[in-house]
Each structure stands twice: as C-alpha cells, then as structure tokens.
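Student: Quick one, structure_33.pdb (PDB, C-alpha atoms):
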```
ATOM      1  CA  MET A   1      81.136  40.278 179.146  1.00  0.00           C
ATOM      2  CA  THR A   2      81.718  37.373 176.781  1.00  0.00           C
ATOM      3  CA  ASP A   3      84.970  35.844 175.673  1.00  0.00           C
ATOM      4  CA  SER A   4      84.998  33.427 172.739  1.00  0.00           C
ATOM      5  CA  HIS A   5      87.371  31.656 170.395  1.00  0.00           C
ATOM      6  CA  VAL A   6      87.035  29.333 167.419  1.00  0.00           C
ATOM      7  CA  ILE A   7      87.802  25.681 168.184  1.00  0.00           C
ATOM      8  CA  MET A   8      87.000  24.359 164.693  1.00  0.00           C
ATOM      9  CA  ASP A   9      86.884  26.197 161.382  1.00  0.00           C
ATOM     10  CA  ALA A  10      85.111  25.216 158.152  1.00  0.00           C
ATOM     11  CA  ASP A  11      87.971  23.010 156.955  1.00  0.00           C
ATOM     12  CA  GLY A  12      88.234  21.287 160.329  1.00  0.00           C
ATOM     13  CA  MET A  13      84.493  20.677 160.277  1.00  0.00           C
ATOM     14  CA  ARG A  14      84.710  19.138 156.795  1.00  0.00           C
ATOM     15  CA  ARG A  15      87.608  16.856 157.798  1.00  0.00           C
ATOM     16  CA  THR A  16      85.754  15.802 160.945  1.00  0.00           C
ATOM     17  CA  LEU A  17      82.628  14.877 158.980  1.00  0.00           C
ATOM     18  CA  VAL A  18      84.695  12.881 156.472  1.00  0.00           C
ATOM     19  CA  ARG A  19      86.277  10.959 159.364  1.00  0.00           C
ATOM     20  CA  LEU A  20      82.883  10.348 160.975  1.00  0.00           C
ATOM     21  CA  SER A  21      81.448   9.044 157.684  1.00  0.00           C
ATOM     22  CA  HIS A  22      84.275   6.481 157.509  1.00  0.00           C
ATOM     23  CA  GLU A  23      83.677   5.449 161.134  1.00  0.00           C
ATOM     24  CA  ILE A  24      79.968   4.840 160.390  1.00  0.00           C
ATOM     25  CA  GLU A  25      80.882   2.783 157.316  1.00  0.00           C
ATOM     26  CA  GLU A  26      83.448   0.712 159.198  1.00  0.00           C
ATOM     27  CA  ARG A  27      81.290   0.008 162.258  1.00  0.00           C
ATOM     28  CA  ASN A  28      78.292  -0.993 160.122  1.00  0.00           C
ATOM     29  CA  GLU A  29      80.265  -2.824 157.411  1.00  0.00           C
ATOM     30  CA  GLY A  30      78.930  -0.463 154.770  1.00  0.00           C
ATOM     31  CA  PHE A  31      75.771   1.547 154.436  1.00  0.00           C
ATOM     32  CA  ALA A  32      73.288  -1.132 153.281  1.00  0.00           C
ATOM     33  CA  ASP A  33      70.935  -0.826 156.270  1.00  0.00           C
ATOM     34  CA  VAL A  34      71.997   2.603 157.564  1.00  0.00           C
ATOM     35  CA  VAL A  35      69.822   5.715 157.633  1.00  0.00           C
ATOM     36  CA  LEU A  36      70.832   9.162 158.887  1.00  0.00           C
ATOM     37  CA  VAL A  37      68.377  11.167 160.978  1.00  0.00           C
ATOM     38  CA  GLY A  38      69.362  14.606 162.236  1.00  0.00           C
ATOM     39  CA  VAL A  39      67.836  16.427 165.183  1.00  0.00           C
ATOM     40  CA  LYS A  40      66.489  19.697 163.764  1.00  0.00           C
ATOM     41  CA  ARG A  41      68.226  22.109 163.105  1.00  0.00           C
ATOM     42  CA  GLY A  42      71.946  21.607 163.628  1.00  0.00           C
ATOM     43  CA  GLY A  43      71.799  17.829 163.700  1.00  0.00           C
ATOM     44  CA  GLU A  44      69.894  17.826 160.429  1.00  0.00           C
ATOM     45  CA  VAL A  45      72.686  19.842 158.801  1.00  0.00           C
ATOM     46  CA  VAL A  46      75.228  17.316 160.126  1.00  0.00           C
ATOM     47  CA  ALA A  47      73.182  14.367 158.772  1.00  0.00           C
ATOM     48  CA  ARG A  48      72.668  15.953 155.343  1.00  0.00           C
ATOM     49  CA  ARG A  49      76.345  16.804 155.030  1.00  0.00           C
ATOM     50  CA  LEU A  50      77.311  13.241 155.946  1.00  0.00           C
ATOM     51  CA  ALA A  51      74.896  11.848 153.343  1.00  0.00           C
ATOM     52  CA  ALA A  52      76.294  14.219 150.699  1.00  0.00           C
ATOM     53  CA  LEU A  53      79.911  13.298 151.559  1.00  0.00           C
ATOM     54  CA  ILE A  54      79.150   9.577 151.334  1.00  0.00           C
ATOM     55  CA  GLU A  55      77.355   9.963 148.006  1.00  0.00           C
ATOM     56  CA  SER A  56      79.922  12.313 146.435  1.00  0.00           C
ATOM     57  CA  ALA A  57      82.708   9.868 147.327  1.00  0.00           C
ATOM     58  CA  GLY A  58      80.832   7.107 145.467  1.00  0.00           C
ATOM     59  CA  ARG A  59      80.332   5.070 148.655  1.00  0.00           C
ATOM     60  CA  GLY A  60      76.552   4.799 148.317  1.00  0.00           C
ATOM     61  CA  GLU A  61      73.325   6.657 148.923  1.00  0.00           C
ATOM     62  CA  VAL A  62      72.164   6.839 152.524  1.00  0.00           C
ATOM     63  CA  PRO A  63      68.563   7.868 153.266  1.00  0.00           C
ATOM     64  CA  CYS A  64      68.548  11.066 155.301  1.00  0.00           C
ATOM     65  CA  ALA A  65      65.936  13.175 157.095  1.00  0.00           C
ATOM     66  CA  GLY A  66      65.430  15.723 159.842  1.00  0.00           C
ATOM     67  CA  LEU A  67      63.606  14.984 163.110  1.00  0.00           C
ATOM     68  CA  ASP A  68      61.680  17.509 165.184  1.00  0.00           C
ATOM     69  CA  ILE A  69      62.041  16.520 168.855  1.00  0.00           C
ATOM     70  CA  THR A  70      60.069  19.449 170.300  1.00  0.00           C
ATOM     71  CA  MET A  71      57.141  17.392 171.550  1.00  0.00           C
ATOM     72  CA  SER A  72      59.448  14.710 172.983  1.00  0.00           C
ATOM     73  CA  ARG A  73      61.384  17.091 175.216  1.00  0.00           C
ATOM     74  CA  ASP A  74      61.005  16.585 178.965  1.00  0.00           C
ATOM     75  CA  ASP A  75      61.525  20.284 179.596  1.00  0.00           C
ATOM     76  CA  LEU A  76      58.540  21.839 177.787  1.00  0.00           C
ATOM     77  CA  VAL A  77      57.788  25.031 179.677  1.00  0.00           C
ATOM     78  CA  SER A  78      53.999  24.988 179.827  1.00  0.00           C
ATOM     79  CA  ALA A  79      51.065  22.817 178.904  1.00  0.00           C
ATOM     80  CA  PHE A  80      49.245  25.992 177.832  1.00  0.00           C
ATOM     81  CA  ILE A  81      51.810  27.135 175.272  1.00  0.00           C
ATOM     82  CA  LEU A  82      52.403  24.588 172.555  1.00  0.00           C
ATOM     83  CA  PRO A  83      55.726  25.002 170.798  1.00  0.00           C
ATOM     84  CA  ASP A  84      55.903  25.258 167.028  1.00  0.00           C
ATOM     85  CA  ALA A  85      56.392  21.537 166.388  1.00  0.00           C
ATOM     86  CA  GLN A  86      56.415  19.889 162.986  1.00  0.00           C
ATOM     87  CA  LYS A  87      54.987  16.486 162.083  1.00  0.00           C
ATOM     88  CA  ASN A  88      57.765  13.983 161.583  1.00  0.00           C
ATOM     89  CA  ASP A  89      57.681  12.151 158.263  1.00  0.00           C
ATOM     90  CA  LEU A  90      61.094  10.771 157.424  1.00  0.00           C
ATOM     91  CA  GLY A  91      60.134   9.492 153.987  1.00  0.00           C
ATOM     92  CA  PHE A  92      61.586   6.036 154.633  1.00  0.00           C
ATOM     93  CA  PRO A  93      60.845   3.156 157.046  1.00  0.00           C
ATOM     94  CA  LEU A  94      62.960   2.539 160.146  1.00  0.00           C
ATOM     95  CA  GLU A  95      62.150  -1.160 160.573  1.00  0.00           C
ATOM     96  CA  GLY A  96      65.284  -3.278 160.404  1.00  0.00           C
ATOM     97  CA  LYS A  97      67.530  -0.248 159.915  1.00  0.00           C
ATOM     98  CA  THR A  98      70.471   1.113 161.833  1.00  0.00           C
ATOM     99  CA  VAL A  99      69.561   4.717 162.558  1.00  0.00           C
ATOM    100  CA  VAL A 100      72.468   7.075 163.067  1.00  0.00           C
ATOM    101  CA  LEU A 101      70.881   9.867 165.101  1.00  0.00           C
ATOM    102  CA  CYS A 102      72.899  13.020 164.445  1.00  0.00           C
ATOM    103  CA  ASP A 103      73.140  16.138 166.592  1.00  0.00           C
ATOM    104  CA  ASP A 104      75.515  19.069 166.690  1.00  0.00           C
ATOM    105  CA  VAL A 105      76.267  19.232 170.454  1.00  0.00           C
ATOM    106  CA  LEU A 106      75.874  16.632 173.196  1.00  0.00           C
ATOM    107  CA  HIS A 107      75.620  18.162 176.654  1.00  0.00           C
ATOM    108  CA  THR A 108      73.008  16.982 179.181  1.00  0.00           C
ATOM    109  CA  GLY A 109      71.744  14.096 177.044  1.00  0.00           C
ATOM    110  CA  ARG A 110      68.136  15.338 177.017  1.00  0.00           C
ATOM    111  CA  SER A 111      68.021  16.010 173.258  1.00  0.00           C
ATOM    112  CA  ALA A 112      69.418  12.555 172.524  1.00  0.00           C
ATOM    113  CA  VAL A 113      66.772  10.874 174.715  1.00  0.00           C
ATOM    114  CA  ALA A 114      64.028  12.992 173.104  1.00  0.00           C
ATOM    115  CA  GLY A 115      65.355  11.991 169.671  1.00  0.00           C
ATOM    116  CA  ILE A 116      65.268   8.312 170.554  1.00  0.00           C
ATOM    117  CA  GLU A 117      61.707   8.619 171.864  1.00  0.00           C
ATOM    118  CA  ALA A 118      60.628  10.444 168.691  1.00  0.00           C
ATOM    119  CA  LEU A 119      62.236   7.726 166.542  1.00  0.00           C
ATOM    120  CA  PHE A 120      60.367   4.948 168.329  1.00  0.00           C
ATOM    121  CA  ARG A 121      57.082   6.723 167.603  1.00  0.00           C
ATOM    122  CA  LEU A 122      57.966   6.438 163.893  1.00  0.00           C
ATOM    123  CA  GLY A 123      59.057   2.800 163.777  1.00  0.00           C
ATOM    124  CA  ARG A 124      61.218   0.091 165.252  1.00  0.00           C
ATOM    125  CA  PRO A 125      64.828   0.304 164.069  1.00  0.00           C
ATOM    126  CA  SER A 126      67.156  -2.609 164.752  1.00  0.00           C
ATOM    127  CA  ARG A 127      69.723  -0.236 166.288  1.00  0.00           C
ATOM    128  CA  ILE A 128      70.175   3.432 167.084  1.00  0.00           C
ATOM    129  CA  GLN A 129      73.648   4.930 167.125  1.00  0.00           C
ATOM    130  CA  LEU A 130      74.334   8.485 168.301  1.00  0.00           C
ATOM    131  CA  LEU A 131      76.657  10.794 166.376  1.00  0.00           C
ATOM    132  CA  VAL A 132      77.585  14.267 167.618  1.00  0.00           C
ATOM    133  CA  LEU A 133      79.841  16.905 166.174  1.00  0.00           C
ATOM    134  CA  VAL A 134      80.878  18.042 169.685  1.00  0.00           C
ATOM    135  CA  ASP A 135      80.616  16.369 173.076  1.00  0.00           C
ATOM    136  CA  ARG A 136      80.942  19.056 175.744  1.00  0.00           C
ATOM    137  CA  GLY A 137      80.376  16.799 178.774  1.00  0.00           C
ATOM    138  CA  GLY A 138      78.004  17.736 181.581  1.00  0.00           C
ATOM    139  CA  ARG A 139      75.679  14.749 181.258  1.00  0.00           C
ATOM    140  CA  GLU A 140      72.522  14.655 183.364  1.00  0.00           C
ATOM    141  CA  LEU A 141      71.322  11.399 181.797  1.00  0.00           C
ATOM    142  CA  PRO A 142      73.254   8.188 181.047  1.00  0.00           C
ATOM    143  CA  VAL A 143      73.869   8.933 177.358  1.00  0.00           C
ATOM    144  CA  ARG A 144      77.050   8.226 175.397  1.00  0.00           C
ATOM    145  CA  ALA A 145      77.719   9.021 171.758  1.00  0.00           C
ATOM    146  CA  ASP A 146      78.905   6.244 169.445  1.00  0.00           C
ATOM    147  CA  TYR A 147      80.623   8.765 167.159  1.00  0.00           C
ATOM    148  CA  VAL A 148      82.180  12.016 168.366  1.00  0.00           C
ATOM    149  CA  GLY A 149      83.703  14.675 166.144  1.00  0.00           C
ATOM    150  CA  LYS A 150      85.463  16.519 168.952  1.00  0.00           C
ATOM    151  CA  ASN A 151      85.450  16.288 172.744  1.00  0.00           C
ATOM    152  CA  VAL A 152      85.439  19.747 174.338  1.00  0.00           C
ATOM    153  CA  PRO A 153      84.953  19.560 178.108  1.00  0.00           C
ATOM    154  CA  THR A 154      83.290  22.773 179.278  1.00  0.00           C
ATOM    155  CA  SER A 155      82.386  24.449 182.535  1.00  0.00           C
ATOM    156  CA  ARG A 156      78.883  25.687 183.345  1.00  0.00           C
ATOM    157  CA  GLU A 157      79.919  29.186 182.242  1.00  0.00           C
ATOM    158  CA  GLU A 158      81.047  27.984 178.815  1.00  0.00           C
ATOM    159  CA  TYR A 159      78.878  27.325 175.777  1.00  0.00           C
ATOM    160  CA  ILE A 160      79.527  25.734 172.414  1.00  0.00           C
ATOM    161  CA  GLU A 161      78.106  27.650 169.468  1.00  0.00           C
ATOM    162  CA  VAL A 162      77.897  25.770 166.186  1.00  0.00           C
ATOM    163  CA  HIS A 163      77.547  27.838 163.030  1.00  0.00           C
ATOM    164  CA  PHE A 164      76.572  26.378 159.645  1.00  0.00           C
ATOM    165  CA  LYS A 165      76.441  28.080 156.260  1.00  0.00           C
ATOM    166  CA  GLU A 166      73.084  26.344 155.685  1.00  0.00           C
ATOM    167  CA  LEU A 167      71.708  28.292 158.643  1.00  0.00           C
ATOM    168  CA  GLY A 168      73.135  31.637 157.582  1.00  0.00           C
ATOM    169  CA  SER A 169      76.573  31.732 159.215  1.00  0.00           C
ATOM    170  CA  GLU A 170      80.113  30.837 158.290  1.00  0.00           C
ATOM    171  CA  ASP A 171      80.973  27.262 159.327  1.00  0.00           C
ATOM    172  CA  SER A 172      82.664  27.209 162.733  1.00  0.00           C
ATOM    173  CA  LEU A 173      82.567  25.879 166.262  1.00  0.00           C
ATOM    174  CA  THR A 174      83.100  28.491 168.938  1.00  0.00           C
ATOM    175  CA  ILE A 175      83.492  28.173 172.668  1.00  0.00           C
ATOM    176  CA  THR A 176      82.095  31.152 174.548  1.00  0.00           C
ATOM    177  CA  ARG A 177      82.620  32.010 178.199  1.00  0.00           C
ATOM    178  CA  ARG A 178      79.899  34.123 179.808  1.00  0.00           C
TER     179      ARG A 178
END
```
The structure in this file should be written as structure tokens.

Tutor:
Amino acid sequence: MTDSHVIMDADGMRRTLVRLSHEIEERNEGFADVVLVGVKRGGEVVARRLAALIESAGRGEVPCAGLDITMSRDDLVSAFILPDAQKNDLGFPLEGKTVVLCDDVLHTGRSAVAGIEALFRLGRPSRIQLLVLVDRGGRELPVRADYVGKNVPTSREEYIEVHFKELGSEDSLTITRR
C-alpha cells in the first residue's frame, strides 16, 4: 500500500525556481561566466527552466545543456549490459566557467558525483556548484548542495517523486510512503 501527498505544486515550483535563479545571480555576481548543466532528465528540466526564467526577466542569457551521467555511475549493474547512454556534447566550453550542476532530487549523492565526473571529462570549469530542487537527506557520500529549493528529510520507506509537464505530468513534488 502506498500513501502520498503533494509537498509542492506547480506554483510553488515556479516560485522556488525564481528564488534559486536569484541566489545563483547573487552568489556569482551576475551570470557572465555561469553555465547551467542539468542531469538528464529531471535536472535538465530544472536547468532549462532556470535559463528561461533568467532570460525572460531580462537578466541575461545563460548557456544551458543536459548531461547524461549513465556511464559515470558507480552502480552500473553489469559489464555485459550497456545502458542506453548518450554522448555528451554541451555545445559550449566549460573552461573558466562556473558550472551550476542541476538535479531534481539529492539523496545519496551518487548522481552528483557522477555528474561532476562527467563534467570533468568534458572540460575544466573554474568551479562547480550543485543546485537541487529537493534535498531529501540520506547521504552516502560527502556531498552538499550549494542551492536547495526545499529540504524534505525522508525515511528509507519514503520517496520523492518529481513530476514535470515537460516529461508528461502535471508539475508537482510528491512524497510517497511505501
């Protein structure tokens, strides 16, 4: 049996992303050397929405791309079954840039580490900052987000489900107990 409830609706998600965009701008004194890179799939939606918010507010254009971390994961199941990984081509250089690595949920820290490893295979940024829509705790690796939309401590029986209209659902964050 599952029990779930919404912890953030579409409007809350929009407000959170607006706030996060201002935090990025303030910490980096603008967007001159900032690029947004989102971990596919949910993190890419977060990054693209941030870029669109920044541009629509007339605060600048921030380069943005998605990053496939599949081959950087430390928990690949088998050497005989290769996952459906995509070649990473961001379309812009990372050298000298501040990369804001975006993801939807931070839990164990493994996706963040895989994202950082994948970034370093593409170039040498001056800094990497981590942005997450939700931090649910439960770290297995020493990873801390620089920007957090919402902290939602969870137990092992609870899961955070992030839904985006870009991925076929109505925008929401749901906590589910199984």

Student: Using all atoms listed in the file for the distances, tell me which of A:Lys165, A:Arg127, A:Arg156, A:Arg136 is nearest to Arg177 (chain A).

Tutor: A:Arg156

Student: Restricting the calculation to all atoms listed in the file: of A:Glu95, A:Asp68, A:Glu170, A:Glu23, which residue gets closest to Ile128 (chain A)?

Tutor: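 The answer is A:Glu95, which sits nearest to Ile128 (chain A).
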
Student: Could you check the closest approach to Gly115 (chain A) for each of A:Ile69, A:Ile160, A:Ala51, A:Val143 and tell me which residue wins, using only C-alpha atoms?

Tutor: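 Smallest separation from Gly115 (chain A) among the options: A:Ile69.
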
Student: Selected by the PyMOL selection byres ((chain A and resi 15-21) around 12) in the shown coordinates: which residues, as a compact mmCIF listing (two decimals) with C-alpha atoms, keeping the file's coordinate frame?

Tutor:
```txt
# COMPACT_ATOMS: atom_id res chain seq x y z
CA MET A 8 87.00 24.36 164.69
CA ASP A 9 86.88 26.20 161.38
CA ALA A 10 85.11 25.22 158.15
CA ASP A 11 87.97 23.01 156.96
CA GLY A 12 88.23 21.29 160.33
CA MET A 13 84.49 20.68 160.28
CA ARG A 14 84.71 19.14 156.79
CA HIS A 22 84.28 6.48 157.51
CA GLU A 23 83.68 5.45 161.13
CA ILE A 24 79.97 4.84 160.39
CA GLU A 25 80.88 2.78 157.32
CA GLU A 26 83.45 0.71 159.20
CA ARG A 27 81.29 0.01 162.26
CA ASN A 28 78.29 -0.99 160.12
CA GLU A 29 80.26 -2.82 157.41
CA GLY A 30 78.93 -0.46 154.77
CA PHE A 31 75.77 1.55 154.44
CA VAL A 34 72.00 2.60 157.56
CA LEU A 36 70.83 9.16 158.89
CA VAL A 45 72.69 19.84 158.80
CA VAL A 46 75.23 17.32 160.13
CA ALA A 47 73.18 14.37 158.77
CA ARG A 48 72.67 15.95 155.34
CA ARG A 49 76.34 16.80 155.03
CA LEU A 50 77.31 13.24 155.95
CA ALA A 51 74.90 11.85 153.34
CA ALA A 52 76.29 14.22 150.70
CA LEU A 53 79.91 13.30 151.56
CA ILE A 54 79.15 9.58 151.33
CA GLU A 55 77.36 9.96 148.01
CA SER A 56 79.92 12.31 146.44
CA ALA A 57 82.71 9.87 147.33
CA ARG A 59 80.33 5.07 148.66
CA GLY A 60 76.55 4.80 148.32
CA VAL A 62 72.16 6.84 152.52
CA VAL A 100 72.47 7.08 163.07
CA CYS A 102 72.90 13.02 164.44
CA ASP A 104 75.52 19.07 166.69
CA LEU A 130 74.33 8.48 168.30
CA LEU A 131 76.66 10.79 166.38
CA VAL A 132 77.58 14.27 167.62
CA LEU A 133 79.84 16.90 166.17
CA VAL A 134 80.88 18.04 169.68
CA ASP A 146 78.90 6.24 169.44
CA TYR A 147 80.62 8.76 167.16
CA VAL A 148 82.18 12.02 168.37
CA GLY A 149 83.70 14.68 166.14
CA LYS A 150 85.46 16.52 168.95
CA ASN A 151 85.45 16.29 172.74
CA SER A 172 82.66 27.21 162.73
CA LEU A 173 82.57 25.88 166.26
```

Student: Using all atoms listed in the file, which protein or nucleic acid residues come within 8 Å of Ser4 (chain A)? Drop anything in the same chain fewer than 3 positions from it, and give the result as a short mmCIF file (atom, residue, chain, number, x, y, z; two decimals) with C-alpha atoms, keeping the file's coordinate frame.

Tutor:
```cif
data_model
loop_
_atom_site.label_atom_id
_atom_site.label_comp_id
_atom_site.auth_asym_id
_atom_site.auth_seq_id
_atom_site.Cartn_x
_atom_site.Cartn_y
_atom_site.Cartn_z
CA THR A 174 83.10 28.49 168.94
CA ILE A 175 83.49 28.17 172.67
CA THR A 176 82.10 31.15 174.55
CA ARG A 177 82.62 32.01 178.20
#
```

Student: Mind pulling up the distance from CA of Ser111 (chain A) to CA of Glu158 (chain A)?

Tutor: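 These atoms are spaced 18.5 Å apart.
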
Student: Between CA of Arg144 (chain A) and CA of Glu61 (chain A), what is the distance in Å, rounded to a tenth?

Tutor: 26.8 Å

Student: Residues proximal to (55.2, 7.0, 161.5) were defined as those with any atom within 8 Å of that point in the file's coordinates, counting all atoms listed in the file. Which are they, as a PyMOL selection string?

Tutor: chain A and resi 88-89+121-123
